[in-house]
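File shown: data00.cif (mmCIF, C-alpha atoms and all ligand atoms).
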```
data_query
loop_
_atom_site.label_atom_id
_atom_site.label_comp_id
_atom_site.auth_asym_id
_atom_site.auth_seq_id
_atom_site.Cartn_x
_atom_site.Cartn_y
_atom_site.Cartn_z
CA MET A 1 85.43 95.51 99.07
CA ILE A 2 86.31 93.32 96.08
CA GLU A 3 88.67 90.39 96.71
CA LEU A 4 90.36 88.33 94.00
CA HIS A 5 92.11 85.08 94.80
CA GLY A 6 94.19 83.39 92.11
CA LEU A 7 91.74 84.61 89.48
CA THR A 8 92.55 82.99 86.14
CA LYS A 9 90.82 83.03 82.74
CA ARG A 10 91.94 81.13 79.69
CA PHE A 11 90.45 81.54 76.20
CA GLY A 12 91.77 78.48 74.34
CA GLU A 13 95.53 78.98 74.15
CA LYS A 14 95.31 82.54 75.45
CA LEU A 15 95.86 83.08 79.17
CA ALA A 16 94.00 86.39 79.48
CA VAL A 17 94.05 86.61 83.29
CA ASP A 18 96.84 84.84 85.16
CA SER A 19 96.42 84.10 88.91
CA LEU A 20 95.43 87.60 90.01
CA THR A 21 95.25 88.12 93.76
CA PHE A 22 94.46 91.59 95.09
CA SER A 23 91.76 93.52 96.97
CA VAL A 24 89.98 96.73 96.02
CA ARG A 25 89.26 98.64 99.21
CA PRO A 26 86.52 101.10 100.12
CA GLY A 27 86.98 104.83 100.69
CA MET A 28 89.35 105.44 97.80
CA VAL A 29 89.52 105.44 94.01
CA THR A 30 91.58 102.49 92.76
CA GLY A 31 92.86 102.85 89.21
CA PHE A 32 93.21 99.71 87.08
CA LEU A 33 95.96 100.04 84.47
CA GLY A 34 97.54 97.84 81.85
CA PRO A 35 98.51 97.99 78.17
CA ASN A 36 96.01 96.94 75.48
CA GLY A 37 95.08 93.30 75.85
CA ALA A 38 96.49 93.09 79.41
CA GLY A 39 93.25 91.55 80.68
CA LYS A 40 91.49 94.49 82.37
CA SER A 41 88.07 94.09 80.76
CA THR A 42 88.18 90.32 81.24
CA THR A 43 89.00 90.81 84.94
CA MET A 44 86.09 93.24 85.32
CA ARG A 45 83.72 90.85 83.56
CA LEU A 46 84.84 88.07 85.93
CA MET A 47 84.23 90.36 88.90
CA LEU A 48 80.66 90.87 87.69
CA GLY A 49 80.00 87.20 87.10
CA LEU A 50 79.64 87.80 83.32
CA ASP A 51 82.33 85.20 82.59
CA ARG A 52 83.31 82.07 84.51
CA PRO A 53 86.87 81.95 85.81
CA THR A 54 89.05 79.04 84.71
CA ALA A 55 90.43 79.02 88.27
CA GLY A 56 90.31 81.16 91.39
CA ASP A 57 87.47 83.38 92.51
CA VAL A 58 86.16 86.89 93.15
CA ARG A 59 84.14 87.97 96.17
CA ILE A 60 82.01 91.08 96.41
CA ASP A 61 81.66 92.05 100.08
CA GLY A 62 82.47 88.43 100.89
CA LYS A 63 80.03 86.81 98.42
CA HIS A 64 80.19 85.50 94.88
CA TYR A 65 78.35 87.76 92.44
CA GLN A 66 75.74 85.11 91.65
CA ASP A 67 74.89 84.79 95.35
CA LEU A 68 74.11 88.49 95.76
CA ASP A 69 70.45 89.35 96.29
CA GLU A 70 69.59 92.31 94.03
CA PRO A 71 73.20 92.75 92.84
CA LEU A 72 72.68 96.36 91.64
CA ARG A 73 72.42 97.36 95.29
CA TYR A 74 75.92 96.00 95.93
CA ILE A 75 77.79 96.75 92.75
CA GLY A 76 77.14 99.07 89.83
CA ALA A 77 79.25 98.89 86.69
CA LEU A 78 79.90 100.77 83.51
CA LEU A 79 81.47 98.41 81.01
CA GLU A 80 82.91 99.31 77.61
CA ALA A 81 80.24 97.56 75.55
CA GLN A 82 76.91 98.65 76.98
CA ALA A 83 73.83 96.66 76.03
CA ARG A 84 70.69 98.76 75.63
CA HIS A 85 67.58 98.75 73.48
CA PRO A 86 68.06 101.56 70.92
CA GLY A 87 64.33 102.16 70.54
CA ARG A 88 63.82 102.69 74.26
CA SER A 89 64.07 106.08 75.96
CA ALA A 90 66.74 106.73 78.58
CA TYR A 91 64.00 106.85 81.20
CA ASN A 92 62.47 103.52 80.16
CA HIS A 93 65.88 101.86 79.89
CA LEU A 94 66.60 102.77 83.52
CA LEU A 95 63.04 101.97 84.62
CA CYS A 96 63.35 98.39 83.29
CA LEU A 97 66.61 97.96 85.20
CA ALA A 98 65.07 99.45 88.35
CA GLN A 99 62.00 97.20 88.20
CA SER A 100 64.02 94.02 87.74
CA ASN A 101 66.06 94.93 90.83
CA ARG A 102 63.14 96.17 92.98
CA ILE A 103 64.52 99.70 93.00
CA PRO A 104 61.87 102.43 93.48
CA ARG A 105 60.76 104.31 90.33
CA ALA A 106 61.69 107.66 91.91
CA ARG A 107 65.36 106.67 91.81
CA VAL A 108 65.28 106.75 87.99
CA ALA A 109 64.60 110.51 87.93
CA GLU A 110 67.24 111.01 90.62
CA VAL A 111 70.04 109.33 88.66
CA LEU A 112 69.00 111.03 85.39
CA ASP A 113 69.33 114.32 87.22
CA LEU A 114 72.67 113.28 88.72
CA VAL A 115 74.21 112.58 85.29
CA GLY A 116 72.63 115.60 83.58
CA LEU A 117 70.35 113.67 81.20
CA GLN A 118 66.97 114.85 82.55
CA ALA A 119 66.33 117.06 79.47
CA VAL A 120 66.64 114.07 77.09
CA ALA A 121 65.12 111.44 79.42
CA LYS A 122 62.21 110.73 77.11
CA LYS A 123 64.28 110.61 73.91
CA ARG A 124 65.22 107.30 72.31
CA THR A 125 68.79 106.29 73.11
CA LYS A 126 69.34 105.49 69.40
CA GLY A 127 70.27 109.13 68.73
CA PHE A 128 72.54 109.49 71.75
CA SER A 129 76.14 110.67 71.27
CA LEU A 130 79.01 108.65 72.73
CA GLY A 131 79.16 111.00 75.71
CA MET A 132 75.41 110.79 76.35
CA GLY A 133 75.67 106.99 76.17
CA GLN A 134 78.46 107.08 78.77
CA ARG A 135 76.32 109.24 81.05
CA LEU A 136 73.41 106.82 80.68
CA GLY A 137 75.71 103.91 81.52
CA ILE A 138 76.88 105.77 84.62
CA ALA A 139 73.25 106.46 85.58
CA ALA A 140 72.57 102.71 85.36
CA ALA A 141 75.61 101.97 87.53
CA LEU A 142 74.36 104.40 90.19
CA LEU A 143 70.74 103.21 90.09
CA GLY A 144 70.93 100.79 93.03
CA ASP A 145 72.95 103.27 95.14
CA PRO A 146 75.62 100.54 95.39
CA THR A 147 78.57 100.48 97.79
CA ILE A 148 80.89 99.32 94.99
CA LEU A 149 81.29 101.02 91.61
CA MET A 150 83.28 99.76 88.69
CA PHE A 151 83.98 101.87 85.60
CA ASP A 152 85.72 100.57 82.47
CA GLU A 153 87.09 103.56 80.50
CA PRO A 154 84.43 105.97 81.86
CA VAL A 155 85.78 109.13 80.20
CA ASN A 156 85.61 107.59 76.74
CA GLY A 157 83.77 110.07 74.50
CA LEU A 158 83.25 112.67 77.19
CA ASP A 159 84.07 116.33 76.54
CA PRO A 160 86.33 118.25 78.99
CA GLU A 161 83.35 119.31 81.11
CA GLY A 162 82.18 115.67 81.20
CA ILE A 163 85.66 114.43 82.14
CA HIS A 164 85.81 116.95 84.98
CA TRP A 165 82.37 115.88 86.12
CA ILE A 166 83.14 112.12 86.20
CA ARG A 167 86.45 112.77 88.00
CA ASN A 168 84.65 114.67 90.77
CA LEU A 169 81.85 112.11 90.87
CA MET A 170 84.31 109.25 91.43
CA LYS A 171 86.13 111.18 94.15
CA ARG A 172 82.84 112.02 95.85
CA LEU A 173 81.68 108.38 95.73
CA ALA A 174 84.97 107.29 97.31
CA ALA A 175 84.76 110.03 99.96
CA GLU A 176 81.31 108.64 100.87
CA GLY A 177 83.11 105.40 101.79
CA ARG A 178 82.30 103.46 98.60
CA THR A 179 84.69 101.21 96.71
CA VAL A 180 85.52 102.77 93.32
CA PHE A 181 87.45 100.73 90.74
CA VAL A 182 88.22 102.42 87.43
CA SER A 183 90.20 101.53 84.31
CA SER A 184 91.53 104.12 81.88
CA HIS A 185 94.28 104.58 79.32
CA LEU A 186 94.33 108.32 80.02
CA MET A 187 97.24 108.56 82.43
CA SER A 188 96.93 112.28 83.09
CA GLU A 189 93.32 111.74 84.09
CA MET A 190 94.15 108.72 86.21
CA ALA A 191 96.88 110.70 87.99
CA LEU A 192 94.26 113.27 88.99
CA THR A 193 91.64 110.74 90.10
CA ALA A 194 93.13 107.59 91.63
CA ASP A 195 94.59 107.21 95.13
CA HIS A 196 95.67 103.61 94.65
CA LEU A 197 96.76 101.65 91.56
CA VAL A 198 96.54 98.06 90.42
CA VAL A 199 98.64 97.47 87.30
CA ILE A 200 98.57 94.30 85.20
CA GLY A 201 100.49 93.17 82.12
CA LYS A 202 99.78 90.02 80.08
CA GLY A 203 97.22 89.02 82.70
CA LYS A 204 99.70 89.15 85.61
CA LEU A 205 99.79 91.52 88.58
CA LEU A 206 102.65 94.02 88.18
CA ALA A 207 101.85 96.51 90.96
CA ASP A 208 99.34 97.07 93.76
CA THR A 209 100.34 100.26 95.52
CA THR A 210 99.56 103.93 96.17
CA MET A 211 99.84 106.41 93.31
CA ALA A 212 102.78 108.24 94.94
CA GLU A 213 104.68 105.04 95.69
CA PHE A 214 104.09 103.71 92.17
CA ILE A 215 105.60 106.81 90.58
CA ARG A 216 108.48 106.85 93.07
CA GLN A 217 109.36 103.18 92.48
CA ASN A 218 109.13 103.28 88.70
CA SER A 219 110.85 106.51 87.83
CA ARG A 220 113.89 108.58 88.51
CA SER A 221 113.42 111.73 90.59
CA PHE A 222 116.05 114.45 90.61
CA VAL A 223 116.57 118.16 91.23
CA ARG A 224 117.18 120.43 88.24
CA VAL A 225 119.69 123.20 88.93
CA ARG A 226 120.47 126.05 86.55
CA THR A 227 123.20 128.58 87.22
CA PRO A 228 125.13 131.26 85.31
CA GLN A 229 128.23 129.99 87.21
CA PRO A 230 128.41 126.34 86.09
CA GLU A 231 132.12 125.88 86.79
CA GLN A 232 131.84 127.09 90.38
CA LEU A 233 128.77 124.95 91.02
CA ARG A 234 130.45 121.92 89.54
CA ASP A 235 133.44 122.39 91.86
CA ALA A 236 131.20 122.92 94.90
CA LEU A 237 129.22 119.76 94.14
CA HIS A 238 132.35 117.79 93.48
CA GLY A 239 133.80 118.96 96.81
CA ALA A 240 130.65 117.77 98.58
CA GLY A 241 130.83 114.36 96.88
CA ILE A 242 127.61 114.98 94.92
CA THR A 243 127.23 113.50 91.47
CA ALA A 244 125.48 115.55 88.79
CA VAL A 245 124.56 115.05 85.17
CA THR A 246 124.59 117.79 82.54
CA ALA A 247 121.34 117.92 80.59
CA ALA A 248 121.21 118.88 76.92
CA ASP A 249 120.10 122.42 77.83
CA GLY A 250 123.08 122.97 80.12
CA SER A 251 121.18 122.56 83.38
CA TYR A 252 122.32 120.00 85.94
CA GLU A 253 120.27 117.00 87.06
CA ILE A 254 121.12 115.78 90.55
CA SER A 255 119.67 112.65 92.14
CA GLY A 256 119.68 111.56 95.77
CA VAL A 257 120.03 115.07 97.26
CA THR A 258 117.24 117.42 98.36
CA ALA A 259 116.70 120.82 96.76
CA ALA A 260 117.24 122.37 100.21
CA ARG A 261 120.70 120.82 100.56
CA LEU A 262 121.67 122.01 97.05
CA GLY A 263 120.35 125.51 97.77
CA ASP A 264 122.37 125.65 101.00
CA LEU A 265 125.49 124.46 99.23
CA ALA A 266 125.11 127.08 96.49
CA ALA A 267 124.59 129.82 99.11
CA GLN A 268 127.70 128.75 101.06
CA HIS A 269 129.75 129.18 97.88
CA ARG A 270 127.93 132.41 96.89
CA ILE A 271 126.74 130.83 93.65
CA VAL A 272 123.74 132.39 91.92
CA LEU A 273 120.99 129.92 90.97
CA HIS A 274 118.41 130.57 88.27
CA GLU A 275 116.53 127.34 88.88
CA LEU A 276 116.32 124.84 91.74
CA SER A 277 113.38 122.53 91.02
CA PRO A 278 112.59 119.00 92.21
CA GLN A 279 111.50 116.86 89.23
CA GLN A 280 109.21 113.84 89.47
CA ALA A 281 108.27 111.67 86.53
CA SER A 282 104.63 111.63 85.45
CA LEU A 283 102.37 108.61 85.95
CA GLU A 284 102.61 108.02 82.19
CA GLU A 285 106.40 107.76 82.32
CA ALA A 286 106.31 105.45 85.34
CA PHE A 287 103.62 103.28 83.70
CA MET A 288 105.58 102.96 80.46
CA GLN A 289 108.73 102.10 82.39
CA LEU A 290 106.98 99.33 84.33
CA THR A 291 104.94 97.83 81.50
CA ALA A 292 107.46 98.15 78.64
CA GLU A 293 108.12 94.41 78.58
CA THR A 294 104.46 93.42 78.66
CA VAL A 295 103.24 95.59 75.79
CA GLU A 296 101.91 93.24 73.10
CA TYR A 297 100.86 95.65 70.38
CA HIS A 298 103.48 98.15 69.18
CA ALA A 299 102.82 100.75 66.49
CA HIS A 300 105.33 100.69 63.66
CA GLU A 301 107.18 104.00 64.00
CA THR A 302 108.33 105.76 60.83
CA PRO A 303 111.88 107.14 61.29
CA PRO A 304 112.18 110.91 60.87
CA PRO A 305 113.43 112.05 57.44
CA GLU A 306 117.18 112.55 56.93
CA PRO A 307 118.23 116.21 57.20
CA VAL A 308 118.64 117.82 53.78
CA ALA A 309 121.89 119.66 54.55
CA ALA A 310 124.44 118.10 56.85
CA GLU A 311 124.70 120.04 60.08
CA PRO A 312 127.58 119.82 62.53
CA VAL A 313 126.79 117.14 65.04
CA ALA A 314 126.73 118.51 68.58
CA GLU A 315 128.93 116.77 71.08
CA PRO A 316 126.90 114.97 73.74
CA ALA A 317 126.49 117.13 76.80
CA GLY A 318 129.29 116.59 79.28
CA ALA A 319 128.81 114.94 82.62
CA TRP A 320 130.93 114.31 85.60
CA GLY A 321 130.95 112.11 88.63
CA GLU A 322 131.35 108.38 88.95
CA ASN A 323 127.76 107.45 88.22
CA TRP A 324 127.06 109.60 85.22
CA GLN A 325 126.56 106.54 83.01
CA GLN A 326 123.38 105.82 84.94
CA ARG A 327 121.66 108.87 83.51
CA GLY A 328 118.64 108.28 81.37
CA ARG A 329 117.08 105.46 83.37
CA GLY A 330 113.39 106.26 83.44
CA ARG A 331 113.80 109.51 81.56
CA SER A 332 111.01 110.47 79.20
CA GLY A 333 111.80 110.31 75.52
CA GLU A 334 114.48 107.70 76.00
CA GLY A 335 114.33 104.00 75.38
CA GLY A 336 111.03 102.54 74.13
N1 LIG A 401 85.93 86.23 74.46
C1 LIG A 401 87.23 86.14 74.17
N2 LIG A 401 87.69 85.13 73.40
C2 LIG A 401 89.00 85.01 73.12
N3 LIG A 401 89.95 85.87 73.56
C3 LIG A 401 89.55 86.89 74.32
C4 LIG A 401 88.18 87.08 74.66
N4 LIG A 401 88.09 88.20 75.45
C5 LIG A 401 89.35 88.66 75.57
N5 LIG A 401 90.22 87.89 74.89
C6 LIG A 401 91.68 88.08 74.83
O1 LIG A 401 92.17 88.19 76.15
C7 LIG A 401 93.17 89.19 76.25
C8 LIG A 401 92.77 90.25 77.28
O2 LIG A 401 91.71 91.03 76.73
P1 LIG A 401 91.01 92.22 77.52
O3 LIG A 401 89.96 92.79 76.62
O4 LIG A 401 90.59 91.75 78.86
O5 LIG A 401 92.22 93.25 77.69
P2 LIG A 401 92.17 94.78 78.13
O6 LIG A 401 93.27 94.97 79.12
O7 LIG A 401 90.80 95.16 78.58
O8 LIG A 401 92.53 95.49 76.77
P3 LIG A 401 92.16 96.97 76.23
O9 LIG A 401 92.96 97.93 77.05
O10 LIG A 401 92.65 96.91 74.82
O11 LIG A 401 90.68 97.15 76.35
C9 LIG A 401 93.35 89.75 74.85
O12 LIG A 401 94.43 89.08 74.24
C10 LIG A 401 92.05 89.40 74.15
O13 LIG A 401 92.25 89.22 72.77
#
```
Before we go any further, please render this structure as C-alpha cells.
Ligand SMILES: Nc1ncnc2c1ncn2[C@@H]1O[C@H](COP(=O)(O)OP(=O)(O)OP(=O)(O)O)[C@@H](O)[C@H]1O
Amino acid sequence: MIELHGLTKRFGEKLAVDSLTFSVRPGMVTGFLGPNGAGKSTTMRLMLGLDRPTAGDVRIDGKHYQDLDEPLRYIGALLEAQARHPGRSAYNHLLCLAQSNRIPRARVAEVLDLVGLQAVAKKRTKGFSLGMGQRLGIAAALLGDPTILMFDEPVNGLDPEGIHWIRNLMKRLAAEGRTVFVSSHLMSEMALTADHLVVIGKGKLLADTTMAEFIRQNSRSFVRVRTPQPEQLRDALHGAGITAVTAADGSYEISGVTAARLGDLAAQHRIVLHELSPQQASLEEAFMQLTAETVEYHAHETPPPEPVAAEPVAEPAGAWGENWQQRGRGRSGEGG
C-alpha cells in the first residue's frame, strides 16, 4: 500500500504537485494518468524518496521510504530516466544492485530469465535497444521480489510482443496480491491493464476511481439504433416519451434507455432493426473530456485546406425531442 497525504512539490514558482491525497491499494493495477507536465513523474520520484516534498508525505506500507530497511524488498520501480553504467553487462548491473540490497546472487539469473534477457546477460548495456533497456529496468524493479511495483511509462519502446508481455506481467503481479502503480500515455493499453485509476492535472487530483466508473462519469453512453423504417421508429419513440438524436449517418442515438427496452418497443410496433448497439466512450475520450482544462501544452493544428470546388453544404442531420441540443457532450471528434 502507498499512502499520500497532502503531498506537495514546488520548483521555484512552479507548483508541480499540489496537495495530493490518495492511496494505491494492493491486489490491483492502478493506472496513473495526466497530461504532459501534470506531475506524474515528480509524484513517483517523491514516492521513492528521490525528491523531498515541499509539504505532505508518502508512506510505503506505513513507513517513509528512507526508513525502509533494504527498500528493494518493499518497492521496485522503473522510472523514465534509468541510470546504469553503459560499460557494465546486464548481469553485472543487476548483481551490483542485488549485492547492495543483500539479495542472493541466484535472483539475478531468475529476473533475467523472467524478462527474457538471459541470452544477452553478459553483453554490455551500451548496445541495448530501447526495449531491451526497458526490460532491464523491469528486471531491476523485480529483483527484490517487492510487494509494491511502480512503473513510469513501462511500454515505452517495447514492440507489440513486449507490450503484451508487460501487460500480463502487471496483471499477474497484482493477482499475486502486490500493489502495482503504472503511468502511461497509451490509453488503449491502460484500458486493458488497469482496474483502478488515479488522474491528475496541473498537480491536482482529478479522479480516484475504478476504470468502469471513470468512463461512465466522464462520457456519454447511448444506444445506437438503425432501421429501414425511421419514420415509424421515430413515432414509436415519441409515443413512449423517449428522446433520440439523429447521427450524421442516419442512425439514431438514444441515451438513458436500455437496448432491451428499445428492442421491445421496436418489436411491439413491428419495426425492423438493422442495429441495436450500446455505445460506451473509450478511456481516451473520457480522459480527454476530464483533463481538457488542465492540458498545458497544445499542438498548433493546421486547418484543413479549403475545398477546390464548392460543394453543396449538407443540412445538419435532423433531431427531435426536447433535449436534442444536448447532443455532442463527450462525443469523440467534437470540441477540443
Ligand atoms: N527538477 C525540476 N525543476 C523544475 N521544474 C520541474 C522539475 N521537474 C519537473 N518540473 C516541472 O514540474 C511539472 C511536472 O513535471 P512532471 O515531469 O512530473 O510531469 P509528468 O506528468 O510526468 O509529465 P510527462 O507526462 O510529460 O512525463 C512540469 O511543469 C515540469 O516542467
Kindly compile the residues surrounding ligand LIG 401 (chain A) within 6 Å, counting all atoms listed in the file, and format them as a PyMOL selection string. chain A and resi 11+16+34-42
Every residue with an atom at most 10 Å from (88.0, 102.2, 96.2) (file coordinates; only C-alpha atoms) is what I'm after, so could you write them as a ChimeraX atom specification? /A:1-2,23-31,147-150,170-171,173-175,177-182,194-197
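Of the residues under consideration (A:Pro230, A:Gly137, A:Gly6, A:Gly157), A:Gly6 shows the shortest atom-to-atom contact distance to Asp57 (chain A) when counting all atoms listed in the file.
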Once you add 3 Å to each side, what are the centre and edge lengths of the axis-aligned box holding all listed atoms of region 168-179 of chain A? One decimal in Å, as AutoDock Vina command-line options, if you can.
```
--center_x 83.7 --center_y 107.9 --center_z 96.3 --size_x 10.8 --size_y 19.5 --size_z 17.0
```
For CA of Arg73 (chain A) and CA of Ala191 (chain A), quote the distance in Å rounded to one decimal.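 If I compute the distance from CA of Arg73 (chain A) to CA of Ala191 (chain A), I get 28.8 Å.
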Which residues come within 9 Å of Glu80 (chain A), counting only C-alpha atoms, excluding same-chain residues fewer than 6 positions away, as a ChimeraX atom specification? /A:41,151-154,156
Show me the residues close to (131.7, 129.4, 89.6) - anything with an atom within 10 Å, counting all atoms listed in the file - and format the list as a compact mmCIF listing (two decimals) with C-alpha atoms, keeping the file's coordinate frame.
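result38.txt, written as the output of this step:
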```txt
# COMPACT_ATOMS: atom_id res chain seq x y z
CA THR A 227 123.20 128.58 87.22
CA PRO A 228 125.13 131.26 85.31
CA GLN A 229 128.23 129.99 87.21
CA PRO A 230 128.41 126.34 86.09
CA GLU A 231 132.12 125.88 86.79
CA GLN A 232 131.84 127.09 90.38
CA LEU A 233 128.77 124.95 91.02
CA ARG A 234 130.45 121.92 89.54
CA ASP A 235 133.44 122.39 91.86
CA ALA A 236 131.20 122.92 94.90
CA ALA A 266 125.11 127.08 96.49
CA HIS A 269 129.75 129.18 97.88
CA ARG A 270 127.93 132.41 96.89
CA ILE A 271 126.74 130.83 93.65
CA VAL A 272 123.74 132.39 91.92
```
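Nearest to Asn168 (chain A) of all the residues A:Met47, A:Gly127, A:Glu213, A:Val115 is A:Val115, based on all atoms listed in the file.
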So how far away is CA of Gly56 (chain A) from CA of Leu4 (chain A), in Å? 7.6 Å
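Across the structure, CA of Ser277 (chain A) and CA of Val223 (chain A) are spaced 5.4 Å apart.
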What's around Leu72 (chain A) at 10 Å? Count only C-alpha atoms, leave out sequence neighbours fewer than 5 positions away in its own chain, and write the answer as a ChimeraX atom specification. /A:77,97-98,100-103,140-149
Here is a test: counting all atoms listed in the file, which residue of A:Gln279, A:Thr291, A:Ser255, A:Asn92 is nearest to Lys204 (chain A)? A:Thr291
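Restricting the calculation to all atoms listed in the file, the smallest distance between Lys9 (chain A) and any of A:Thr43, A:Thr21, A:Thr54, A:Thr294 is found for A:Thr54.
The shell of residues at most 10 Å from Glu275 (chain A), with all atoms listed in the file counted and near chain neighbours (fewer than 5 positions) removed, consists of Val223, Arg224, Val225, Arg226, Thr227, Ser251, Tyr252 and Gly263 of chain A.
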Here is a test: counting only C-alpha atoms, which residue of A:Leu33, A:Leu78, A:Leu7, A:Leu15 is nearest to Thr209 (chain A)?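 Ranking A:Leu33, A:Leu78, A:Leu7, A:Leu15 by distance to Thr209 (chain A), first place goes to A:Leu33.
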As a compact mmCIF listing (two decimals), in the coordinates of the input, could you write out region 242-254 of chain A once it has been completed with N, CA and C atoms?
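Final output, result_37.txt:
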```txt
# COMPACT_ATOMS: atom_id res chain seq x y z
N ILE A 242 128.92 115.14 95.57
CA ILE A 242 127.61 114.98 94.92
C ILE A 242 127.80 114.81 93.42
N THR A 243 127.13 113.80 92.90
CA THR A 243 127.23 113.50 91.47
C THR A 243 126.14 114.23 90.71
N ALA A 244 126.48 114.86 89.60
CA ALA A 244 125.48 115.55 88.79
C ALA A 244 125.64 115.17 87.33
N VAL A 245 124.57 115.38 86.59
CA VAL A 245 124.56 115.05 85.17
C VAL A 245 124.21 116.33 84.42
N THR A 246 124.90 116.60 83.33
CA THR A 246 124.59 117.79 82.54
C THR A 246 123.51 117.44 81.52
N ALA A 247 122.40 118.16 81.56
CA ALA A 247 121.34 117.92 80.59
C ALA A 247 121.67 118.64 79.29
N ALA A 248 120.92 118.31 78.23
CA ALA A 248 121.21 118.88 76.92
C ALA A 248 121.10 120.40 76.93
N ASP A 249 120.26 120.96 77.80
CA ASP A 249 120.10 122.42 77.83
C ASP A 249 121.10 123.11 78.75
N GLY A 250 122.05 122.36 79.28
CA GLY A 250 123.08 122.97 80.12
C GLY A 250 122.76 122.97 81.60
N SER A 251 121.52 122.62 81.95
CA SER A 251 121.18 122.56 83.38
C SER A 251 121.78 121.27 83.96
N TYR A 252 121.80 121.19 85.28
CA TYR A 252 122.32 120.00 85.94
C TYR A 252 121.17 119.20 86.55
N GLU A 253 121.27 117.89 86.45
CA GLU A 253 120.27 117.00 87.06
C GLU A 253 120.97 116.23 88.17
N ILE A 254 120.43 116.36 89.39
CA ILE A 254 121.12 115.78 90.55
C ILE A 254 120.15 114.88 91.32
```
